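Report on the structure given below.
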Amino acid sequence: MANPANLDPSVWVDRYGDYLFRYAMLRLRDRPAAEDMVQETFLAALKDRGTFSGDSSEATWLVGILKHKIADHYRRQAREAPLEGGDLREHPDAGHFDGVGHWTTGPAEWGGNPADLYRQGEFLDQFRKCLSGLSPNHANAFTLREMEGLGTAEICKVLGVSETNLWVILHRARALLRRCLETRWFGTAAGKGS
Amino acid sequence: MLSCKDVTKLVSESMDRSLPFGKRIGVRLHLLMCKFCARYERQLLLIRETVRRLAVSVEAPGEPSGETVSVEAKERIRNAMKNP
């Protein structure tokens with residue numbers, strides 16, 4: 001078992017800097033913000049290194065601190081730009097339904113081998129672009145739910161929204177992302193009729 | 001009778017909570033008959049699965065091909081750590 005004296009902050013930046021950065025980039029979609037979070041994480045770790053128990057690895061301990069920093073960032077964004085009721089009313093696919101709510105152009109068949117998507121470098125780029133196109137609250141809710149697998153009650157606390165609103169936010173985020181990926185990545189002609 | 005527009009909302013909601021019995025049955029019946037909504041659901045689930053795997057693969061320590069902190073930012077972080 002390691003003890004706090006075994007921590008060596010002088011090698012942190014070289015050893016964990018890029019790792020923490022990638023973790024933050026995926027969740028914040030913004031290089032300067034991700035670099036700031038990495039710096040804040042190291043500074044907080046330096047200050048609190050007495051709390052490192054050695055039960056987990058140094059990397060796991062640092063990621064734990066980073067997670068809290070990211071949640072703080074989300075909270076800040078939610079406070080600065082709270083969602084308006086009107087933001088949630090329109091269905092993102094509204095233009096693809098007829099008057100009674102049936103598809104006029106339905107979702108396209110996604111070709112290739114979709115199960116393998118996560119391994120394709122360019123897919124990550126497109127995914128990130130699509131996620132960045134959402135408002136911060138939509139993108140953050142999606143990230144907490146789908147990437148982190150957090151429960152809705154916990155997400156409501158971070159974003160300061162009711163559960164009913166969160167369901168709508170997630171529905172909208174998923175619909176917008178699906179549409180964006182279909183356009184940017186799959187780029188196929190949508191099926192006609194129903 | 002649920003419309004496709006209703007069903008897309010409920011398919012998403014069912015990924016966040018267990019739907020009340022009546023709605024759940026309504027959605028399942030609709031999905032049996034509507035290939036577009038069934039496809040919509042498959043795609044949302046695929047996105048969920050892909051995003052989780054993406055996170056795991058991007059964060060694997062020692063992943064050589066990922067993005068890195070810029071040299072300037074590394075320098076700035078080192079300096080900040082020397083004078084916290």
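We label chains A, B, ... in the order they appear in the structure tokens, count residues from 1 in each chain, and number ligands from 1 in the order shown.
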
(message) Which of region 41-82 of chain B end up as alpha helix (DSSP H) when DSSP is run on this backbone - answer as an NGL selection string?
(response) :B and (41-59 or 71-82)

(message) Which residues are near region 15-32 of chain A? Cut-off 9 Å, only C-alpha atoms, ignore same chain within fewer than 5 positions. Put them as number ranges by chain.
(response) A: 37-39, 41-42, 59, 62-63, 66-67, 70, 73-74, 128-129, 131-132, 136, 139-140, 143-144, 147; B: 55, 58-63, 66-69, 73-74

Writer output for current selection, N, CA and C atoms, as a CSV table (one decimal), in the first residue's frame:
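And here is the file that came out, result20.csv:
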```
chain,number,residue,atom,x,y,z
A,37,MET,N,-9.2,22.9,-16.2
A,37,MET,CA,-9.7,21.8,-15.3
A,37,MET,C,-8.5,20.9,-14.8
A,38,VAL,N,-7.6,20.6,-15.8
A,38,VAL,CA,-6.4,19.8,-15.5
A,38,VAL,C,-5.6,20.6,-14.4
A,39,GLN,N,-5.4,21.8,-14.7
A,39,GLN,CA,-4.5,22.6,-13.7
A,39,GLN,C,-5.2,22.7,-12.4
A,41,THR,N,-7.2,20.6,-11.1
A,41,THR,CA,-7.1,19.3,-10.5
A,41,THR,C,-5.8,19.0,-9.8
A,42,PHE,N,-4.7,19.4,-10.5
A,42,PHE,CA,-3.4,19.2,-9.9
A,42,PHE,C,-3.2,20.1,-8.7
A,59,ALA,N,-3.7,7.6,-10.4
A,59,ALA,CA,-4.5,8.1,-11.6
A,59,ALA,C,-6.0,8.1,-11.2
A,62,LEU,N,-6.7,11.1,-9.0
A,62,LEU,CA,-6.7,12.3,-9.7
A,62,LEU,C,-8.0,12.5,-10.5
A,63,VAL,N,-8.4,11.4,-11.2
A,63,VAL,CA,-9.7,11.5,-12.0
A,63,VAL,C,-10.9,11.8,-11.1
A,66,LEU,N,-10.9,15.4,-10.6
A,66,LEU,CA,-11.3,16.0,-11.9
A,66,LEU,C,-12.8,16.0,-12.1
A,67,LYS,N,-13.4,14.8,-11.8
A,67,LYS,CA,-14.8,14.7,-11.9
A,67,LYS,C,-15.6,15.7,-11.1
A,70,ILE,N,-15.3,19.0,-12.9
A,70,ILE,CA,-16.2,19.1,-14.1
A,70,ILE,C,-17.7,19.3,-13.7
A,73,HIS,N,-18.1,22.8,-13.0
A,73,HIS,CA,-18.2,23.6,-14.2
A,73,HIS,C,-19.6,23.5,-14.8
A,74,TYR,N,-20.2,22.3,-14.8
A,74,TYR,CA,-21.5,22.2,-15.3
A,74,TYR,C,-22.5,23.0,-14.5
A,128,ARG,N,-18.1,14.7,-31.5
A,128,ARG,CA,-17.8,15.9,-30.7
A,128,ARG,C,-18.4,17.1,-31.3
A,129,LYS,N,-18.3,17.2,-32.7
A,129,LYS,CA,-18.9,18.4,-33.3
A,129,LYS,C,-20.4,18.5,-33.1
A,131,LEU,N,-22.1,17.1,-30.6
A,131,LEU,CA,-22.4,17.4,-29.2
A,131,LEU,C,-22.1,18.9,-28.9
A,132,SER,N,-21.1,19.5,-29.6
A,132,SER,CA,-20.8,20.9,-29.3
A,132,SER,C,-21.9,21.8,-29.9
A,136,PRO,N,-25.0,24.2,-24.0
A,136,PRO,CA,-24.3,23.5,-22.9
A,136,PRO,C,-25.1,22.6,-22.0
A,139,ALA,N,-26.0,19.4,-23.8
A,139,ALA,CA,-24.8,18.5,-24.0
A,139,ALA,C,-24.3,18.0,-22.6
A,140,ASN,N,-24.4,18.8,-21.6
A,140,ASN,CA,-24.0,18.3,-20.3
A,140,ASN,C,-24.9,17.3,-19.7
A,143,THR,N,-24.1,14.1,-21.5
A,143,THR,CA,-22.9,13.5,-21.1
A,143,THR,C,-23.0,12.8,-19.7
A,144,LEU,N,-23.7,13.5,-18.8
A,144,LEU,CA,-23.8,12.9,-17.5
A,144,LEU,C,-24.6,11.6,-17.5
A,147,MET,N,-22.8,9.1,-21.0
A,147,MET,CA,-21.3,8.8,-20.8
A,147,MET,C,-21.0,8.3,-19.4
B,55,ALA,N,-15.9,6.6,-24.4
B,55,ALA,CA,-15.3,7.1,-23.1
B,55,ALA,C,-14.2,6.2,-22.6
B,58,VAL,N,-11.2,6.3,-25.1
B,58,VAL,CA,-10.4,7.5,-25.2
B,58,VAL,C,-9.6,7.7,-23.9
B,59,GLU,N,-10.1,7.1,-22.8
B,59,GLU,CA,-9.5,7.4,-21.5
B,59,GLU,C,-8.5,6.3,-21.1
B,60,ALA,N,-8.4,5.3,-21.9
B,60,ALA,CA,-7.4,4.2,-21.5
B,60,ALA,C,-6.0,4.9,-21.3
B,61,PRO,N,-5.5,4.7,-20.1
B,61,PRO,CA,-4.2,5.4,-19.8
B,61,PRO,C,-3.1,4.9,-20.8
B,62,GLY,N,-2.3,5.7,-21.3
B,62,GLY,CA,-1.3,5.4,-22.2
B,62,GLY,C,-1.8,5.3,-23.6
B,63,GLU,N,-3.0,5.6,-23.8
B,63,GLU,CA,-3.6,5.7,-25.2
B,63,GLU,C,-2.7,6.7,-26.0
B,66,GLY,N,-4.2,9.9,-28.7
B,66,GLY,CA,-5.2,11.0,-28.4
B,66,GLY,C,-4.6,12.4,-28.4
B,67,GLU,N,-5.4,13.3,-28.1
B,67,GLU,CA,-5.0,14.7,-28.0
B,67,GLU,C,-4.2,14.9,-26.7
B,68,THR,N,-3.3,16.0,-26.8
B,68,THR,CA,-2.5,16.2,-25.7
B,68,THR,C,-2.6,17.7,-25.2
B,69,VAL,N,-2.2,17.9,-24.0
B,69,VAL,CA,-2.2,19.3,-23.4
B,69,VAL,C,-1.1,20.0,-24.2
B,73,ALA,N,0.5,25.2,-22.2
B,73,ALA,CA,-0.3,24.9,-21.0
B,73,ALA,C,0.4,24.0,-20.0
B,74,LYS,N,1.2,23.1,-20.5
B,74,LYS,CA,1.9,22.2,-19.5
B,74,LYS,C,2.9,23.1,-18.7
```

(request) Specify as a VMD selection string all residues of chain A found within 8 Å of chain B, counting only C-alpha atoms. (result) chain A and resid 13 17 to 19 21 to 23 26 35 39 42 to 43 46 97 100 to 103 106 to 107 109 114 to 115 117 to 119 124 146 to 148 151 to 152 167 to 168 170 to 171 174 178 194

(message) Report, in Å with one decimal, the straight-line distance from CA of Ala173 (chain A) to CA of Gly64 (chain A).
(response) 26.1 Å

(request) Quick one: pull the distance between CA of Ser162 (chain A) and CA of Gly22 (chain B), Å, one decimal. (result) 23.2 Å
